[in-house]
There are 2 protein chains.
Amino acid sequence: MRIAGLSAATGVSVATLKYYLREGLLHAGVATAVNQADYDDTHVRRVRLIRALVELGHLSIADAARVLDAVDDERVPIHTAFGVAQDAMVPRRERDDPLHAAAMVEVDRLVERHGLRVRPDAEVRAVLADALVAMSRFEMFGATPDGQVLDSALLDDTVAAALADAEASIEYVPGDAERSAQMTVVVVGTVVFEVAADAIRRMALEHASAVRFDPAPTRRQRVAK
Amino acid sequence: MRIAGLSAATGVSVATLKYYLREGLLHAGVATAVNQADYDDTHVRRVRLIRALVELGHLSIADAARVLDAVDDERVPIHTAFGVAQDAMVPRRERDDPLHAAAMVEVDRLVERHGLRVRPDAEVRAVLADALVAMSRFEMFGATPDGQVLDSALLDDTVAAALADAEASIEYVPGDAERSAQMTVVVVGTVVFEVAADAIRRMALEHASAVRFDPAPTRRQRVAK
């Protein structure tokens with residue numbers, strides 16, 4: 001198909017497709033004439049992948065390019081692909097907060113306690129430590145002002161639930177497919193499922209909040225909800 | 001304390017504090033002289049709240065202002081505060097995708113099935129539908145290309161786990177505190193716990209991926225992890 005066909009098949013404008021081509025996110029089509037190229041299903045799939053990262057995952061074009069590099073790099077083994085793809089989705093930043101160092105120790109303990117195989121330099125460790133620092137500042141969820149987590153039951157429960165979810169999710173990655181197909185499931189699954197899980201968690205919080213602070217809604221309120 | 005003291009207590013520069021004051025995110029101090037004002041603990045807490053939203057939650061100043069409006073608005077009852085605060089954190093957008101309408105029906109079914117008290121116009125419903133549309137495009141997690149979810153076991157399990165988490169989280173909101181203190185826990189808790197839960201889910205995925213695709217790592221690999 002021509003670029004207009006690719007646009008129709010994906011719902012992405014020709015101008016945006018040309019931008020993806022220029023930025024190297026999308027591989028070139030087969031040239032059929034001057035200023036004309038032929039595109040196929042691999043292009044349709046790639047454009048959908050880009051859209052999932054950019055529109056749903058809210059990744060910048062630069063971050064999407066980093067994720068796609070991990071997808072394309074044959075040297076990245078599938079068993080570390082989740083970690084690499086996830087790191088590419090997290091904005092790196094410097095942390096000079098002394099509380100952050102204390103929180104990193106808490107993260108190490110959590111990883112050790114649950115026997116998690118997470119790379120020592122995984123960016124996600126620092127992100128979890130960021131959250132622990134914020135909990136610590138507000139003395140929330142069992143975190144104390146010195147960056148320690150005294151009551152880790154909520155975190156432990158969250159890890160246990162996440163592990164059960166992750167084991168179920170990972171079964172959706174086809175074991176016998178090509179690496180590129182597996183990587184697409186990994187990357188899209190990470191973004192899509194994260195959006196879904198966040199939305200579900202927010203719904204659950206709204207529900208739990210309604211149940212706790214408004215245990216017996218009147219009929220009118222119930223209808224209004 | 002003067003503004004320099006507020007800066008020292010919060011680690012936020014005087015220039016940034018003045019910006020928060022100008023934008024109305026931070027309430028004015030008590031004027032003590034021309035161009036001089038006195039700030040107290042309420043200002044320290046407010047600045048920490050703004051930082052949690054902006055730095056950890058990656059909210060824009062405009063979005064942070066919307067969340068803070070919900071915090072300040074006495075007419076927002078605490079039992080709907082989670083929902084309102086969460087909606088303020090989600091960028092609203094137009095959706096004209098026919099698949100989205102089908103996905104919204106799936107969301108309604110999920111809410112109904114689990115008896116969730118989630119407002120009918122909650123933005124989070126549309127966000128979950130976005131994720132279902134993406135799953136549908138890639139035929140992942142049991143979603144079919146027509147926007148239906150045939151195998152909803154994973155979603156149902158996620159809802160069940162999220163409900164257990166939410167019930168535990170909501171217990172951290174002090175029942176006897178002032179509304180403003182409760183709202184701070186609600187808002188910070190939503191942002192902080194979401195960051196923590198996402199990080200934990202990513203770790204769990206990395207772990208589950210390692211276990212599935214590299215079940216027996218050699219000693220060298222194990223050390224390298």
# chains A, B, ... in the order shown; residues from 1 in each chain; ligands from 1

$ select_by_dssp --residues "stretch 7-148 of chain A" --states "alpha helix (DSSP H)" --output "NGL selection string"
:A and (7-10 or 14-23 or 41-51 or 61-72 or 78-89 or 98-113 or 123-137)

$ residues_around --residues "A:Asp165" --least-positions-apart "2" --cutoff "8 Å" --atoms "only C-alpha atoms" --output "ChimeraX atom specification"
/A:161-163,167-169 /B:154,157-158

$ write_last_selection --atoms "N, CA, C and O atoms" --output "mmCIF file, in the first residue's frame"
data_model
loop_
_atom_site.group_PDB
_atom_site.id
_atom_site.type_symbol
_atom_site.label_atom_id
_atom_site.label_comp_id
_atom_site.auth_asym_id
_atom_site.auth_seq_id
_atom_site.Cartn_x
_atom_site.Cartn_y
_atom_site.Cartn_z
ATOM 1 N N ALA A 161 0.437 -9.061 45.444
ATOM 2 C CA ALA A 161 -0.610 -8.920 44.424
ATOM 3 C C ALA A 161 0.021 -8.689 43.049
ATOM 4 O O ALA A 161 -0.426 -9.257 42.047
ATOM 5 N N ALA A 162 1.081 -7.874 43.004
ATOM 6 C CA ALA A 162 1.745 -7.564 41.734
ATOM 7 C C ALA A 162 2.381 -8.820 41.143
ATOM 8 O O ALA A 162 2.366 -9.020 39.924
ATOM 9 N N LEU A 163 2.933 -9.659 42.004
ATOM 10 C CA LEU A 163 3.564 -10.896 41.518
ATOM 11 C C LEU A 163 2.527 -11.820 40.888
ATOM 12 O O LEU A 163 2.778 -12.406 39.836
ATOM 13 N N GLU A 167 2.652 -12.789 36.939
ATOM 14 C CA GLU A 167 2.723 -14.173 36.462
ATOM 15 C C GLU A 167 1.608 -14.453 35.457
ATOM 16 O O GLU A 167 1.821 -15.122 34.455
ATOM 17 N N ALA A 168 0.414 -13.902 35.721
ATOM 18 C CA ALA A 168 -0.709 -14.076 34.788
ATOM 19 C C ALA A 168 -0.423 -13.315 33.488
ATOM 20 O O ALA A 168 -0.638 -13.837 32.397
ATOM 21 N N SER A 169 0.093 -12.080 33.606
ATOM 22 C CA SER A 169 0.367 -11.260 32.412
ATOM 23 C C SER A 169 1.406 -11.911 31.510
ATOM 24 O O SER A 169 1.275 -11.906 30.290
ATOM 25 N N LEU B 154 -8.069 -11.809 33.777
ATOM 26 C CA LEU B 154 -6.952 -10.974 34.237
ATOM 27 C C LEU B 154 -7.463 -9.649 34.794
ATOM 28 O O LEU B 154 -7.020 -9.196 35.851
ATOM 29 N N ASP B 157 -9.140 -10.324 38.153
ATOM 30 C CA ASP B 157 -8.147 -10.537 39.207
ATOM 31 C C ASP B 157 -7.532 -9.207 39.624
ATOM 32 O O ASP B 157 -7.265 -8.974 40.806
ATOM 33 N N THR B 158 -7.291 -8.329 38.627
ATOM 34 C CA THR B 158 -6.694 -7.033 38.923
ATOM 35 C C THR B 158 -7.637 -6.203 39.785
ATOM 36 O O THR B 158 -7.211 -5.529 40.728
#

$ closest_residue --among "A:Ala8, A:Ala85, A:Met183, A:Val124" --to "chain B" --atoms "only C-alpha atoms"
A:Val124

$ closest_residue --among "A:Ala197, A:Gln148, A:Glu74, A:Ala122" --to "A:Ala88" --atoms "only C-alpha atoms"
A:Ala122

$ select_by_dssp --residues "stretch 13-217 of chain A" --states "strand (DSSP E or B)" --output "VMD selection string"
chain A and resid 30 to 33 36 to 38 143 149

$ residues_around --residues "stretch 15-18 of chain A" --least-positions-apart "2" --cutoff "12 Å" --atoms "only C-alpha atoms" --output "VMD selection string"
chain A and resid 2 to 13 20 to 29 35 37 39 43 to 44 46 to 48 50 to 51 61

$ residues_around --residues "stretch 172-175 of chain A" --least-positions-apart "2" --cutoff "9 Å" --atoms "only C-alpha atoms" --output "NGL selection string"
(:A and (168-170 or 177-178 or 181-183 or 185-186 or 189)) or (:B and (140-142 or 213))

$ write_last_selection --atoms "all heavy atoms" --output "compact mmCIF listing (two decimals), in the first residue's frame"
# COMPACT_ATOMS: atom_id res chain seq x y z
N ALA A 168 0.41 -13.90 35.72
CA ALA A 168 -0.71 -14.08 34.79
C ALA A 168 -0.42 -13.32 33.49
O ALA A 168 -0.64 -13.84 32.40
CB ALA A 168 -2.00 -13.59 35.43
N SER A 169 0.09 -12.08 33.61
CA SER A 169 0.37 -11.26 32.41
C SER A 169 1.41 -11.91 31.51
O SER A 169 1.27 -11.91 30.29
CB SER A 169 0.89 -9.88 32.80
OG SER A 169 0.00 -9.21 33.64
N ILE A 170 2.45 -12.43 32.13
CA ILE A 170 3.59 -12.93 31.35
C ILE A 170 3.19 -14.15 30.53
O ILE A 170 3.80 -14.44 29.50
CB ILE A 170 4.78 -13.25 32.30
CG1 ILE A 170 6.11 -13.04 31.59
CG2 ILE A 170 4.71 -14.64 32.88
CD1 ILE A 170 6.57 -11.64 31.56
N ALA A 177 6.77 -17.48 19.59
CA ALA A 177 6.75 -16.48 18.53
C ALA A 177 8.15 -15.92 18.27
O ALA A 177 9.09 -16.19 19.02
CB ALA A 177 5.79 -15.34 18.91
N GLU A 178 8.26 -15.13 17.19
CA GLU A 178 9.53 -14.46 16.91
C GLU A 178 9.82 -13.43 17.99
O GLU A 178 8.91 -12.89 18.62
CB GLU A 178 9.42 -13.73 15.57
CG GLU A 178 9.58 -14.64 14.38
CD GLU A 178 9.49 -13.84 13.09
OE1 GLU A 178 9.49 -12.60 13.17
OE2 GLU A 178 9.43 -14.46 12.02
N ALA A 181 7.85 -10.19 17.76
CA ALA A 181 6.45 -10.31 18.20
C ALA A 181 6.39 -10.37 19.72
O ALA A 181 5.52 -9.75 20.35
CB ALA A 181 5.81 -11.56 17.59
N GLN A 182 7.33 -11.11 20.33
CA GLN A 182 7.37 -11.18 21.79
C GLN A 182 7.62 -9.80 22.39
O GLN A 182 6.97 -9.40 23.35
CB GLN A 182 8.48 -12.14 22.24
CG GLN A 182 8.18 -13.61 21.98
CD GLN A 182 9.27 -14.52 22.50
OE1 GLN A 182 10.45 -14.17 22.47
NE2 GLN A 182 8.89 -15.70 22.96
N MET A 183 8.58 -9.08 21.80
CA MET A 183 8.93 -7.76 22.32
C MET A 183 7.75 -6.79 22.24
O MET A 183 7.56 -5.96 23.12
CB MET A 183 10.13 -7.18 21.55
CG MET A 183 11.45 -7.78 21.94
SD MET A 183 11.85 -7.51 23.69
CE MET A 183 12.33 -5.79 23.66
N VAL A 185 4.60 -7.58 22.44
CA VAL A 185 3.70 -7.91 23.53
C VAL A 185 4.25 -7.37 24.85
O VAL A 185 3.51 -6.82 25.68
CB VAL A 185 3.48 -9.44 23.62
CG1 VAL A 185 2.62 -9.79 24.82
CG2 VAL A 185 2.84 -9.96 22.35
N VAL A 186 5.55 -7.50 25.02
CA VAL A 186 6.18 -7.02 26.26
C VAL A 186 5.99 -5.51 26.41
O VAL A 186 5.53 -5.02 27.45
CB VAL A 186 7.69 -7.36 26.26
CG1 VAL A 186 8.43 -6.56 27.34
CG2 VAL A 186 7.91 -8.85 26.48
N GLY A 189 2.25 -4.47 26.30
CA GLY A 189 1.66 -4.99 27.54
C GLY A 189 2.05 -4.14 28.74
O GLY A 189 1.21 -3.85 29.59
N MET B 140 -4.65 -8.32 22.64
CA MET B 140 -3.91 -8.76 23.83
C MET B 140 -4.83 -8.89 25.02
O MET B 140 -5.87 -8.27 25.10
CB MET B 140 -2.84 -7.73 24.17
CG MET B 140 -1.66 -7.77 23.23
SD MET B 140 -0.55 -6.40 23.59
CE MET B 140 0.28 -7.04 25.01
N PHE B 141 -4.37 -9.66 25.99
CA PHE B 141 -5.06 -9.82 27.27
C PHE B 141 -6.54 -10.18 27.07
O PHE B 141 -7.40 -9.72 27.80
CB PHE B 141 -4.95 -8.54 28.12
CG PHE B 141 -3.54 -8.13 28.42
CD1 PHE B 141 -3.07 -6.89 28.02
CD2 PHE B 141 -2.69 -8.98 29.09
CE1 PHE B 141 -1.77 -6.51 28.30
CE2 PHE B 141 -1.38 -8.61 29.38
CZ PHE B 141 -0.92 -7.37 28.98
N GLY B 142 -6.80 -10.98 26.05
CA GLY B 142 -8.17 -11.48 25.87
C GLY B 142 -9.11 -10.51 25.18
O GLY B 142 -10.31 -10.76 25.12
N PHE B 213 11.54 -16.74 31.17
CA PHE B 213 12.40 -16.87 29.99
C PHE B 213 13.83 -17.24 30.32
O PHE B 213 14.64 -17.49 29.43
CB PHE B 213 12.35 -15.58 29.17
CG PHE B 213 11.01 -15.34 28.55
CD1 PHE B 213 10.16 -14.36 29.04
CD2 PHE B 213 10.58 -16.12 27.49
CE1 PHE B 213 8.91 -14.16 28.47
CE2 PHE B 213 9.33 -15.92 26.92
CZ PHE B 213 8.49 -14.94 27.41

$ atom_distance --atom1 "atom CA of B:Ala164" --atom2 "atom CA of A:Leu205"
9.8 Å

$ atom_distance --atom1 "atom CA of A:Ala210" --atom2 "atom CA of B:Val118"
8.5 Å

$ residues_around --residues "B:Ala129" --least-positions-apart "4" --cutoff "7 Å" --atoms "only C-alpha atoms" --output "VMD selection string"
chain B and resid 100 103 to 104 107 125 133

$ write_last_selection --atoms "N, CA and C atoms" --output "compact mmCIF listing (two decimals), in the first residue's frame"
# COMPACT_ATOMS: atom_id res chain seq x y z
N HIS B 100 -13.94 2.89 21.02
CA HIS B 100 -13.98 3.41 22.38
C HIS B 100 -15.37 3.23 23.00
N ALA B 103 -15.66 -0.24 24.10
CA ALA B 103 -14.84 -0.46 25.29
C ALA B 103 -15.51 0.11 26.54
N MET B 104 -16.22 1.24 26.38
CA MET B 104 -16.92 1.84 27.52
C MET B 104 -18.00 0.88 28.05
N VAL B 107 -16.29 -1.51 30.22
CA VAL B 107 -15.97 -0.90 31.51
C VAL B 107 -17.22 -0.91 32.41
N ARG B 125 -13.04 6.03 33.92
CA ARG B 125 -13.72 5.03 33.07
C ARG B 125 -13.22 5.13 31.62
N VAL B 133 -9.13 -0.38 24.35
CA VAL B 133 -9.04 -0.17 22.90
C VAL B 133 -7.66 -0.60 22.40

$ closest_residue --among "A:Ala64, A:Val54, A:Leu155, A:Val71" --to "chain B" --atoms "only C-alpha atoms"
A:Leu155

$ closest_residue --among "B:Leu116, B:Leu99, B:His207, B:Arg109" --to "B:Ser136" --atoms "only C-alpha atoms"
B:Leu99

$ atom_distance --atom1 "atom CA of B:Leu132" --atom2 "atom CA of A:Asp198"
12.8 Å

$ decode --residues "stretch 34-70 of chain B" --atoms "N, CA, C and O atoms" --output "short mmCIF file (atom, residue, chain, number, x, y, z; two decimals), in the first residue's frame"
data_model
loop_
_atom_site.label_atom_id
_atom_site.label_comp_id
_atom_site.auth_asym_id
_atom_site.auth_seq_id
_atom_site.Cartn_x
_atom_site.Cartn_y
_atom_site.Cartn_z
N VAL B 34 6.55 46.13 54.54
CA VAL B 34 6.48 46.25 53.09
C VAL B 34 7.39 45.18 52.48
O VAL B 34 8.55 45.04 52.88
N ASN B 35 6.86 44.40 51.54
CA ASN B 35 7.66 43.35 50.89
C ASN B 35 8.19 42.30 51.85
O ASN B 35 9.22 41.70 51.62
N GLN B 36 7.50 42.09 52.98
CA GLN B 36 7.94 41.05 53.91
C GLN B 36 6.71 40.37 54.51
O GLN B 36 5.75 41.04 54.88
N ALA B 37 6.77 39.06 54.60
CA ALA B 37 5.62 38.33 55.13
C ALA B 37 6.11 37.17 55.99
O ALA B 37 7.25 36.72 55.86
N ASP B 38 5.21 36.72 56.85
CA ASP B 38 5.56 35.65 57.78
C ASP B 38 4.84 34.37 57.33
O ASP B 38 3.64 34.39 57.05
N TYR B 39 5.60 33.26 57.28
CA TYR B 39 5.03 31.97 56.87
C TYR B 39 5.09 30.99 58.03
O TYR B 39 5.94 31.11 58.91
N ASP B 40 4.17 30.02 58.03
CA ASP B 40 4.13 29.06 59.14
C ASP B 40 4.05 27.62 58.62
O ASP B 40 4.26 27.36 57.43
N ASP B 41 3.73 26.71 59.52
CA ASP B 41 3.68 25.29 59.18
C ASP B 41 2.67 24.96 58.08
O ASP B 41 2.87 24.00 57.32
N THR B 42 1.60 25.76 58.01
CA THR B 42 0.61 25.48 56.95
C THR B 42 1.24 25.67 55.58
O THR B 42 0.91 24.97 54.62
N HIS B 43 2.18 26.66 55.51
CA HIS B 43 2.87 26.89 54.24
C HIS B 43 3.84 25.75 53.92
O HIS B 43 3.97 25.34 52.77
N VAL B 44 4.54 25.26 54.95
CA VAL B 44 5.48 24.15 54.74
C VAL B 44 4.72 22.93 54.20
O VAL B 44 5.13 22.32 53.21
N ARG B 45 3.58 22.64 54.84
CA ARG B 45 2.80 21.46 54.41
C ARG B 45 2.30 21.64 52.97
O ARG B 45 2.32 20.72 52.17
N ARG B 46 1.85 22.88 52.67
CA ARG B 46 1.32 23.14 51.34
C ARG B 46 2.40 22.98 50.27
O ARG B 46 2.16 22.40 49.20
N VAL B 47 3.59 23.50 50.56
CA VAL B 47 4.69 23.40 49.59
C VAL B 47 5.04 21.93 49.36
O VAL B 47 5.26 21.49 48.21
N ARG B 48 5.08 21.14 50.44
CA ARG B 48 5.36 19.70 50.28
C ARG B 48 4.30 19.03 49.41
O ARG B 48 4.60 18.16 48.60
N LEU B 49 3.06 19.44 49.61
CA LEU B 49 1.97 18.88 48.81
C LEU B 49 2.16 19.23 47.33
O LEU B 49 2.04 18.36 46.45
N ILE B 50 2.48 20.50 47.07
CA ILE B 50 2.72 20.92 45.67
C ILE B 50 3.87 20.10 45.06
O ILE B 50 3.77 19.61 43.93
N ARG B 51 4.95 19.94 45.83
CA ARG B 51 6.11 19.19 45.32
C ARG B 51 5.75 17.74 45.01
O ARG B 51 6.23 17.16 44.04
N ALA B 52 4.95 17.15 45.89
CA ALA B 52 4.55 15.75 45.67
C ALA B 52 3.80 15.62 44.36
O ALA B 52 4.02 14.70 43.58
N LEU B 53 2.92 16.60 44.08
CA LEU B 53 2.13 16.55 42.85
C LEU B 53 3.01 16.79 41.62
O LEU B 53 2.90 16.09 40.62
N VAL B 54 3.89 17.78 41.72
CA VAL B 54 4.66 18.22 40.55
C VAL B 54 5.87 17.31 40.30
O VAL B 54 6.09 16.86 39.17
N GLU B 55 6.65 17.03 41.35
CA GLU B 55 7.89 16.27 41.15
C GLU B 55 7.64 14.78 41.04
O GLU B 55 8.20 14.11 40.19
N LEU B 56 6.82 14.27 41.95
CA LEU B 56 6.62 12.83 41.97
C LEU B 56 5.52 12.42 40.99
O LEU B 56 5.67 11.47 40.24
N GLY B 57 4.42 13.19 41.01
CA GLY B 57 3.29 12.85 40.15
C GLY B 57 3.42 13.39 38.74
O GLY B 57 2.61 13.08 37.88
N HIS B 58 4.46 14.21 38.49
CA HIS B 58 4.70 14.80 37.16
C HIS B 58 3.50 15.60 36.66
O HIS B 58 3.24 15.66 35.46
N LEU B 59 2.73 16.21 37.58
CA LEU B 59 1.61 17.07 37.16
C LEU B 59 2.15 18.42 36.72
O LEU B 59 3.13 18.92 37.27
N SER B 60 1.47 19.01 35.72
CA SER B 60 1.80 20.38 35.34
C SER B 60 1.30 21.30 36.45
O SER B 60 0.48 20.90 37.28
N ILE B 61 1.77 22.55 36.46
CA ILE B 61 1.33 23.51 37.47
C ILE B 61 -0.19 23.70 37.35
O ILE B 61 -0.90 23.79 38.36
N ALA B 62 -0.68 23.73 36.10
CA ALA B 62 -2.13 23.91 35.90
C ALA B 62 -2.92 22.73 36.48
O ALA B 62 -3.94 22.92 37.15
N ASP B 63 -2.43 21.50 36.24
CA ASP B 63 -3.12 20.32 36.78
C ASP B 63 -3.02 20.29 38.31
O ASP B 63 -3.98 19.93 38.99
N ALA B 64 -1.84 20.65 38.84
CA ALA B 64 -1.68 20.70 40.30
C ALA B 64 -2.67 21.69 40.89
O ALA B 64 -3.29 21.43 41.93
N ALA B 65 -2.86 22.83 40.20
CA ALA B 65 -3.80 23.84 40.68
C ALA B 65 -5.23 23.29 40.72
O ALA B 65 -5.97 23.55 41.67
N ARG B 66 -5.58 22.49 39.72
CA ARG B 66 -6.93 21.89 39.70
C ARG B 66 -7.11 20.94 40.89
O ARG B 66 -8.16 20.91 41.54
N VAL B 67 -6.07 20.14 41.17
CA VAL B 67 -6.16 19.21 42.31
C VAL B 67 -6.27 20.00 43.61
O VAL B 67 -7.09 19.69 44.48
N LEU B 68 -5.47 21.08 43.74
CA LEU B 68 -5.48 21.87 44.97
C LEU B 68 -6.82 22.58 45.14
O LEU B 68 -7.28 22.78 46.27
N ASP B 69 -7.45 22.96 44.03
CA ASP B 69 -8.79 23.55 44.12
C ASP B 69 -9.76 22.57 44.77
O ASP B 69 -10.59 22.94 45.60
N ALA B 70 -9.65 21.29 44.38
CA ALA B 70 -10.53 20.25 44.96
C ALA B 70 -10.21 20.07 46.45
O ALA B 70 -11.09 19.85 47.27
#
